[in-house]
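Have a look at protein_38.cif below; it lists mmCIF, C-alpha atoms.
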data_structure
#
loop_
_atom_site.group_PDB
_atom_site.id
_atom_site.type_symbol
_atom_site.label_atom_id
_atom_site.label_comp_id
_atom_site.auth_asym_id
_atom_site.auth_seq_id
_atom_site.Cartn_x
_atom_site.Cartn_y
_atom_site.Cartn_z
ATOM 1 C CA MET A 1 -1.914 -16.938 -9.300
ATOM 2 C CA ARG A 2 -4.108 -17.947 -12.162
ATOM 3 C CA ARG A 3 -4.978 -14.806 -14.091
ATOM 4 C CA SER A 4 -6.919 -14.521 -17.334
ATOM 5 C CA LEU A 5 -7.110 -11.086 -18.949
ATOM 6 C CA LEU A 6 -10.595 -10.081 -20.015
ATOM 7 C CA LYS A 7 -10.836 -7.453 -22.738
ATOM 8 C CA LEU A 8 -13.223 -4.784 -21.535
ATOM 9 C CA LEU A 9 -14.345 -1.842 -23.622
ATOM 10 C CA LEU A 10 -15.561 0.944 -21.359
ATOM 11 C CA CYS A 11 -18.431 3.303 -21.991
ATOM 12 C CA SER A 12 -21.013 5.171 -19.984
ATOM 13 C CA GLY A 13 -24.444 3.666 -19.454
ATOM 14 C CA LEU A 14 -24.192 1.203 -22.355
ATOM 15 C CA ALA A 15 -23.414 -2.476 -22.672
ATOM 16 C CA CYS A 16 -20.073 -2.784 -24.443
ATOM 17 C CA THR A 17 -18.439 -5.772 -26.071
ATOM 18 C CA ALA A 18 -14.843 -6.207 -27.126
ATOM 19 C CA PRO A 19 -15.042 -7.598 -30.691
ATOM 20 C CA HIS A 20 -11.856 -9.679 -30.667
ATOM 21 C CA ALA A 21 -11.654 -10.815 -27.053
ATOM 22 C CA GLN A 22 -11.217 -14.465 -26.236
ATOM 23 C CA ALA A 23 -13.886 -14.016 -23.547
ATOM 24 C CA THR A 24 -16.431 -11.372 -24.472
ATOM 25 C CA SER A 25 -17.454 -9.249 -21.503
ATOM 26 C CA ARG A 26 -20.040 -6.520 -21.060
ATOM 27 C CA LEU A 27 -19.169 -3.749 -18.636
ATOM 28 C CA THR A 28 -22.147 -1.613 -17.617
ATOM 29 C CA ASP A 29 -23.464 0.629 -14.847
ATOM 30 C CA ILE A 30 -20.077 2.163 -14.003
ATOM 31 C CA THR A 31 -20.537 4.408 -10.956
ATOM 32 C CA PRO A 32 -17.526 6.257 -9.488
ATOM 33 C CA ILE A 33 -16.998 5.931 -5.726
ATOM 34 C CA PRO A 34 -16.200 9.294 -4.080
ATOM 35 C CA LEU A 35 -12.975 9.390 -2.079
ATOM 36 C CA GLY A 36 -11.925 12.197 0.229
ATOM 37 C CA ASN A 37 -9.427 12.139 3.083
ATOM 38 C CA SER A 38 -11.308 9.712 5.349
ATOM 39 C CA PRO A 39 -11.785 5.925 5.154
ATOM 40 C CA VAL A 40 -14.678 4.699 3.007
ATOM 41 C CA THR A 41 -16.311 1.314 3.657
ATOM 42 C CA LEU A 42 -17.937 -0.503 0.730
ATOM 43 C CA HIS A 43 -20.187 -3.553 0.609
ATOM 44 C CA PRO A 44 -19.351 -5.319 -2.661
ATOM 45 C CA SER A 45 -21.649 -8.180 -3.576
ATOM 46 C CA GLY A 46 -20.073 -11.574 -2.914
ATOM 47 C CA PHE A 47 -17.215 -10.189 -0.781
ATOM 48 C CA PRO A 48 -16.714 -9.119 2.837
ATOM 49 C CA ASP A 49 -16.949 -5.384 3.523
ATOM 50 C CA VAL A 50 -14.013 -3.504 1.988
ATOM 51 C CA THR A 51 -12.471 -0.336 3.479
ATOM 52 C CA ILE A 52 -10.394 2.108 1.420
ATOM 53 C CA THR A 53 -8.151 4.275 3.604
ATOM 54 C CA PRO A 54 -6.370 7.277 2.040
ATOM 55 C CA LEU A 55 -3.129 8.470 3.643
ATOM 56 C CA TRP A 56 -1.306 11.682 2.738
ATOM 57 C CA ARG A 57 2.494 11.563 2.545
ATOM 58 C CA GLU A 58 3.667 15.184 2.955
ATOM 59 C CA ASN A 59 7.279 15.679 1.931
ATOM 60 C CA GLY A 60 7.484 19.466 1.765
ATOM 61 C CA ASN A 61 7.469 19.849 -2.000
ATOM 62 C CA ALA A 62 5.289 19.325 -5.060
ATOM 63 C CA TRP A 63 5.874 15.558 -5.042
ATOM 64 C CA SER A 64 3.795 14.716 -1.991
ATOM 65 C CA TYR A 65 1.252 11.953 -2.637
ATOM 66 C CA HIS A 66 -1.575 9.775 -1.350
ATOM 67 C CA LEU A 67 -1.185 6.163 -0.350
ATOM 68 C CA TYR A 68 -4.304 3.995 -0.378
ATOM 69 C CA THR A 69 -4.705 0.844 1.674
ATOM 70 C CA VAL A 70 -7.594 -1.480 0.816
ATOM 71 C CA THR A 71 -8.557 -3.864 3.592
ATOM 72 C CA THR A 72 -11.190 -6.355 4.673
ATOM 73 C CA ARG A 73 -11.767 -8.496 7.705
ATOM 74 C CA ASP A 74 -9.882 -11.765 7.668
ATOM 75 C CA THR A 75 -12.239 -14.509 6.488
ATOM 76 C CA GLU A 76 -10.725 -17.064 8.903
ATOM 77 C CA GLN A 77 -9.974 -14.723 11.820
ATOM 78 C CA PRO A 78 -12.678 -12.008 11.885
ATOM 79 C CA GLY A 79 -10.808 -10.034 14.568
ATOM 80 C CA ARG A 80 -7.935 -9.429 12.151
ATOM 81 C CA THR A 81 -7.768 -6.931 9.288
ATOM 82 C CA SER A 82 -6.394 -8.266 5.994
ATOM 83 C CA LEU A 83 -4.869 -6.277 3.140
ATOM 84 C CA ILE A 84 -6.304 -6.517 -0.368
ATOM 85 C CA ASP A 85 -3.330 -6.340 -2.709
ATOM 86 C CA THR A 86 -3.142 -5.227 -6.341
ATOM 87 C CA GLU A 87 -1.522 -7.105 -9.213
ATOM 88 C CA ASN A 88 1.538 -5.288 -10.554
ATOM 89 C CA PRO A 89 1.993 -6.045 -14.271
ATOM 90 C CA ASP A 90 5.302 -4.164 -14.311
ATOM 91 C CA HIS A 91 6.853 -6.821 -12.070
ATOM 92 C CA ALA A 92 5.560 -10.147 -13.385
ATOM 93 C CA GLY A 93 2.256 -9.965 -11.541
ATOM 94 C CA GLN A 94 3.727 -9.461 -8.062
ATOM 95 C CA LEU A 95 1.267 -7.962 -5.589
ATOM 96 C CA LEU A 96 1.395 -4.399 -4.273
ATOM 97 C CA ASP A 97 0.408 -3.836 -0.647
ATOM 98 C CA MET A 98 -0.533 -0.182 -1.217
ATOM 99 C CA LEU A 99 -1.600 2.065 -4.085
ATOM 100 C CA GLN A 100 0.066 5.414 -4.740
ATOM 101 C CA ASP A 101 -1.030 8.408 -6.761
ATOM 102 C CA SER A 102 1.094 11.293 -8.025
ATOM 103 C CA PRO A 103 -0.902 14.541 -7.927
ATOM 104 C CA HIS A 104 2.163 16.806 -8.300
ATOM 105 C CA THR A 105 0.681 20.313 -7.925
ATOM 106 C CA GLY A 106 -2.887 19.026 -8.211
ATOM 107 C CA GLU A 107 -3.326 20.772 -11.558
ATOM 108 C CA ASP A 108 -1.145 18.366 -13.518
ATOM 109 C CA ALA A 109 -1.608 14.988 -11.822
ATOM 110 C CA VAL A 110 0.705 12.321 -13.221
ATOM 111 C CA GLN A 111 -1.143 9.337 -11.701
ATOM 112 C CA THR A 112 -4.607 9.016 -10.150
ATOM 113 C CA ILE A 113 -6.428 6.269 -8.259
ATOM 114 C CA HIS A 114 -10.195 5.807 -8.678
ATOM 115 C CA PHE A 115 -12.657 3.127 -7.646
ATOM 116 C CA ALA A 116 -16.068 2.357 -9.118
ATOM 117 C CA SER A 117 -18.907 -0.106 -8.850
ATOM 118 C CA ALA A 118 -20.061 -1.733 -12.084
ATOM 119 C CA ARG A 119 -21.561 -4.859 -13.610
ATOM 120 C CA ILE A 120 -19.597 -7.345 -15.720
ATOM 121 C CA ASN A 121 -21.938 -9.550 -17.748
ATOM 122 C CA GLY A 122 -24.672 -8.481 -15.331
ATOM 123 C CA THR A 123 -22.721 -9.491 -12.221
ATOM 124 C CA PRO A 124 -21.805 -6.766 -9.687
ATOM 125 C CA ALA A 125 -18.107 -5.890 -9.609
ATOM 126 C CA LEU A 126 -15.802 -3.520 -7.745
ATOM 127 C CA LEU A 127 -13.299 -1.884 -10.103
ATOM 128 C CA LEU A 128 -10.045 -0.014 -9.622
ATOM 129 C CA PHE A 129 -8.719 2.436 -12.219
ATOM 130 C CA VAL A 130 -5.039 3.443 -12.149
ATOM 131 C CA THR A 131 -4.453 6.186 -14.719
ATOM 132 C CA THR A 132 -0.893 7.217 -15.565
ATOM 133 C CA ARG A 133 0.322 9.991 -17.831
ATOM 134 C CA ASP A 134 3.231 8.862 -20.003
ATOM 135 C CA THR A 135 5.620 11.716 -19.226
ATOM 136 C CA GLY A 136 8.790 10.195 -20.672
ATOM 137 C CA THR A 137 8.951 12.509 -23.688
ATOM 138 C CA ASN A 138 6.551 15.135 -22.278
ATOM 139 C CA PRO A 139 7.869 16.189 -18.851
ATOM 140 C CA VAL A 140 5.505 17.601 -16.232
ATOM 141 C CA PRO A 141 3.583 19.877 -16.623
ATOM 142 C CA GLN A 142 3.422 19.488 -20.402
ATOM 143 C CA PRO A 143 0.364 17.620 -21.755
ATOM 144 C CA SER A 144 1.069 13.965 -22.434
ATOM 145 C CA PRO A 145 -0.645 10.715 -23.503
ATOM 146 C CA ALA A 146 -1.934 8.421 -20.764
ATOM 147 C CA HIS A 147 -2.854 4.794 -20.184
ATOM 148 C CA ILE A 148 -5.435 3.313 -17.832
ATOM 149 C CA ARG A 149 -5.207 0.001 -16.021
ATOM 150 C CA VAL A 150 -8.558 -1.530 -15.094
ATOM 151 C CA TYR A 151 -8.672 -3.982 -12.165
ATOM 152 C CA GLN A 152 -11.452 -6.070 -10.639
ATOM 153 C CA LEU A 153 -11.764 -7.233 -7.034
ATOM 154 C CA THR A 154 -11.214 -10.988 -7.182
ATOM 155 C CA GLN A 155 -10.918 -13.881 -4.751
ATOM 156 C CA GLY A 156 -7.407 -15.324 -4.519
ATOM 157 C CA ASP A 157 -6.640 -18.938 -5.275
ATOM 158 C CA GLY A 158 -4.766 -19.657 -2.045
ATOM 159 C CA GLU A 159 -1.335 -19.715 -3.657
ATOM 160 C CA PRO A 160 1.423 -19.012 -1.074
ATOM 161 C CA GLY A 161 2.376 -15.334 -1.046
ATOM 162 C CA SER A 162 -1.047 -14.184 -2.196
ATOM 163 C CA THR A 163 -3.782 -12.404 -0.272
ATOM 164 C CA PRO A 164 -7.296 -13.882 0.137
ATOM 165 C CA PHE A 165 -8.639 -11.142 -2.168
ATOM 166 C CA TYR A 166 -6.812 -8.972 -4.672
ATOM 167 C CA PHE A 167 -7.386 -6.568 -7.550
ATOM 168 C CA ALA A 168 -6.730 -8.513 -10.746
ATOM 169 C CA LEU A 169 -5.705 -6.629 -13.891
ATOM 170 C CA ARG A 170 -8.392 -6.999 -16.556
ATOM 171 C CA THR A 171 -7.271 -4.678 -19.336
ATOM 172 C CA THR A 172 -5.170 -1.623 -20.209
ATOM 173 C CA LEU A 173 -6.661 1.254 -22.189
ATOM 174 C CA ALA A 174 -5.056 4.167 -23.999
ATOM 175 C CA SER A 175 -6.743 7.508 -23.379
ATOM 176 C CA PRO A 176 -7.959 9.259 -26.560
ATOM 177 C CA VAL A 177 -6.648 12.645 -25.377
ATOM 178 C CA THR A 178 -3.281 14.238 -24.663
ATOM 179 C CA THR A 179 -3.730 16.107 -21.404
ATOM 180 C CA CYS A 180 -2.149 17.750 -18.379
ATOM 181 C CA HIS A 181 -4.129 15.685 -15.825
ATOM 182 C CA ALA A 182 -4.540 11.917 -15.438
ATOM 183 C CA ALA A 183 -8.177 12.197 -14.284
ATOM 184 C CA ILE A 184 -9.065 14.067 -17.475
ATOM 185 C CA ALA A 185 -7.532 11.195 -19.437
ATOM 186 C CA LEU A 186 -9.658 8.659 -17.521
ATOM 187 C CA SER A 187 -12.833 10.673 -18.031
ATOM 188 C CA ALA A 188 -12.144 10.927 -21.759
ATOM 189 C CA ALA A 189 -11.582 7.168 -22.055
ATOM 190 C CA THR A 190 -14.695 6.143 -20.104
ATOM 191 C CA LYS A 191 -17.034 9.044 -20.976
ATOM 192 C CA ILE A 192 -17.677 9.292 -17.211
ATOM 193 C CA PRO A 193 -16.720 12.407 -15.177
ATOM 194 C CA PHE A 194 -14.223 10.686 -12.888
ATOM 195 C CA ALA A 195 -12.318 13.968 -12.593
ATOM 196 C CA ARG A 196 -14.749 15.350 -10.023
ATOM 197 C CA TRP A 197 -14.807 12.398 -7.628
ATOM 198 C CA ASN A 198 -11.574 12.741 -5.624
ATOM 199 C CA GLY A 199 -10.320 15.475 -3.322
ATOM 200 C CA ASP A 200 -11.915 17.936 -0.930
ATOM 201 C CA GLN A 201 -14.666 19.183 -3.204
ATOM 202 C CA ALA A 202 -11.952 20.132 -5.655
ATOM 203 C CA PRO A 203 -13.097 21.582 -8.981
ATOM 204 C CA VAL A 204 -12.948 19.486 -12.103
ATOM 205 C CA PRO A 205 -9.397 19.961 -13.424
ATOM 206 C CA THR A 206 -8.836 21.748 -16.682
ATOM 207 C CA CYS A 207 -5.659 22.287 -18.644
ATOM 208 C CA PRO A 208 -4.303 25.800 -19.308
ATOM 209 C CA GLN A 209 -5.208 27.091 -22.750
#
Produce structure tokens that represent the structure in this file.
Amino acid sequence: MRRSLLKLLLCSGLACTAPHAQATSRLTDITPIPLGNSPVTLHPSGFPDVTITPLWRENGNAWSYHLYTVTTRDTEQPGRTSLIDTENPDHAGQLLDMLQDSPHTGEDAVQTIHFASARINGTPALLLFVTTRDTGTNPVPQPSPAHIRVYQLTQGDGEPGSTPFYFALRTTLASPVTTCHAAIALSAATKIPFARWNGDQAPVPTCPQ
């Protein structure tokens, strides 16, 4: 697939510009999309309706997790449901069929999945945020640094092996805080309270003092 990385600097309610990007982009109007335990159908501008379906994988210990499938109706066969894959930069841009979080106990989430609507250069966009705590030298549940991958829903180019639509990686951000919870890291990086948007009316996570 043809993929060009856009450098996006995130902030809340302001137009932001990356000063050294090859293609300057303004990301504004970021609005988190609430996710619970039931499918959510979205209507992104310029795309068919998109449905996010959360699935819980219970394994009897603290390492249970959610899987998220993102689907749309097939553009050529409307009676068929088509997966929307996600670019995986860890494996040379191969596409992932499903997204996976890692909540651990819920108080020290290692990886979180969030979606948001936004505008890029004034054009509506559907974004995906995958936030991962870097626990290599700071094992769970110790506070650790985190990085955030920002994806945008994009139309595929028809290359064999690709899906008609996919989430293309646009940039990777480092969170400014060392924290026990990935959603806190995302909120700190974007200045938007993403931490309160997932779960069954779960409280905003805080780290033990």
* To do: Name the residues in contact with region 144-158 of chain A at a cut-off of 9 Å, using only C-alpha atoms, excluding same-chain residues fewer than 5 positions from it; report them as a PyMOL selection string.
  => chain A and resi 1-2+8+44+47+84+86-87+110+125-139+163-182+185-186+189
* Asked: Could you name the residues that touch Met98 (chain A) at 7 Å or less, counting only C-alpha atoms, but leaving out those on the same chain fewer than 6 positions away, as a PyMOL selection string?
  -> chain A and resi 67-69+85
* For CA of Pro103 (chain A) and CA of Phe194 (chain A), the interatomic separation in Å (one decimal) ->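 Here the two named atoms are 14.7 Å from each other.
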What's the 6 Å shell around region 29-31 of chain A, counting all atoms listed in the file, without same-chain residues fewer than 3 positions away, as an mmCIF file with C-alpha atoms, keeping the file's coordinate frame?
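Output file out.cif is given in full below:
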data_model
loop_
_atom_site.group_PDB
_atom_site.id
_atom_site.type_symbol
_atom_site.label_atom_id
_atom_site.label_comp_id
_atom_site.auth_asym_id
_atom_site.auth_seq_id
_atom_site.Cartn_x
_atom_site.Cartn_y
_atom_site.Cartn_z
ATOM 1 C CA GLY A 13 -24.444 3.666 -19.454
ATOM 2 C CA ALA A 116 -16.068 2.357 -9.118
ATOM 3 C CA SER A 117 -18.907 -0.106 -8.850
ATOM 4 C CA ALA A 118 -20.061 -1.733 -12.084
ATOM 5 C CA ARG A 119 -21.561 -4.859 -13.610
#
* Work out how far apart CA of Pro54 (chain A) and CA of Leu35 (chain A) are and give it in Å to one decimal. =>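 Taking CA of Pro54 (chain A) and CA of Leu35 (chain A), their separation equals 8.1 Å.
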* Which distance in Å separates CA of Gly106 (chain A) and CA of Ala183 (chain A), to one decimal? -> 10.6 Å
Listed atoms of region 170-176 of chain A boxed along x, y and z, 3 Å each side, centre and edge lengths in Å, one decimal, as JSON:
{"center_x": -6.7, "center_y": 1.1, "center_z": -21.6, "size_x": 9.3, "size_y": 22.3, "size_z": 16.0}
* For the point (-14.5, 0.1, 0.5) in the file's frame, write as a PyMOL selection string all residues with an atom no more than 8 Å away, counting only C-alpha atoms. => chain A and resi 39-44+49-52+70-71
* To do: Please write the residues picked by the PyMOL selection byres ((chain A and resi 65) around 9) on this file as a list in words.
  => Leu55, Trp56, Arg57, Glu58, Asn59, Ala62, Trp63, Ser64, His66, Leu67, Gln100, Asp101, Ser102, Pro103 and His104 of chain A
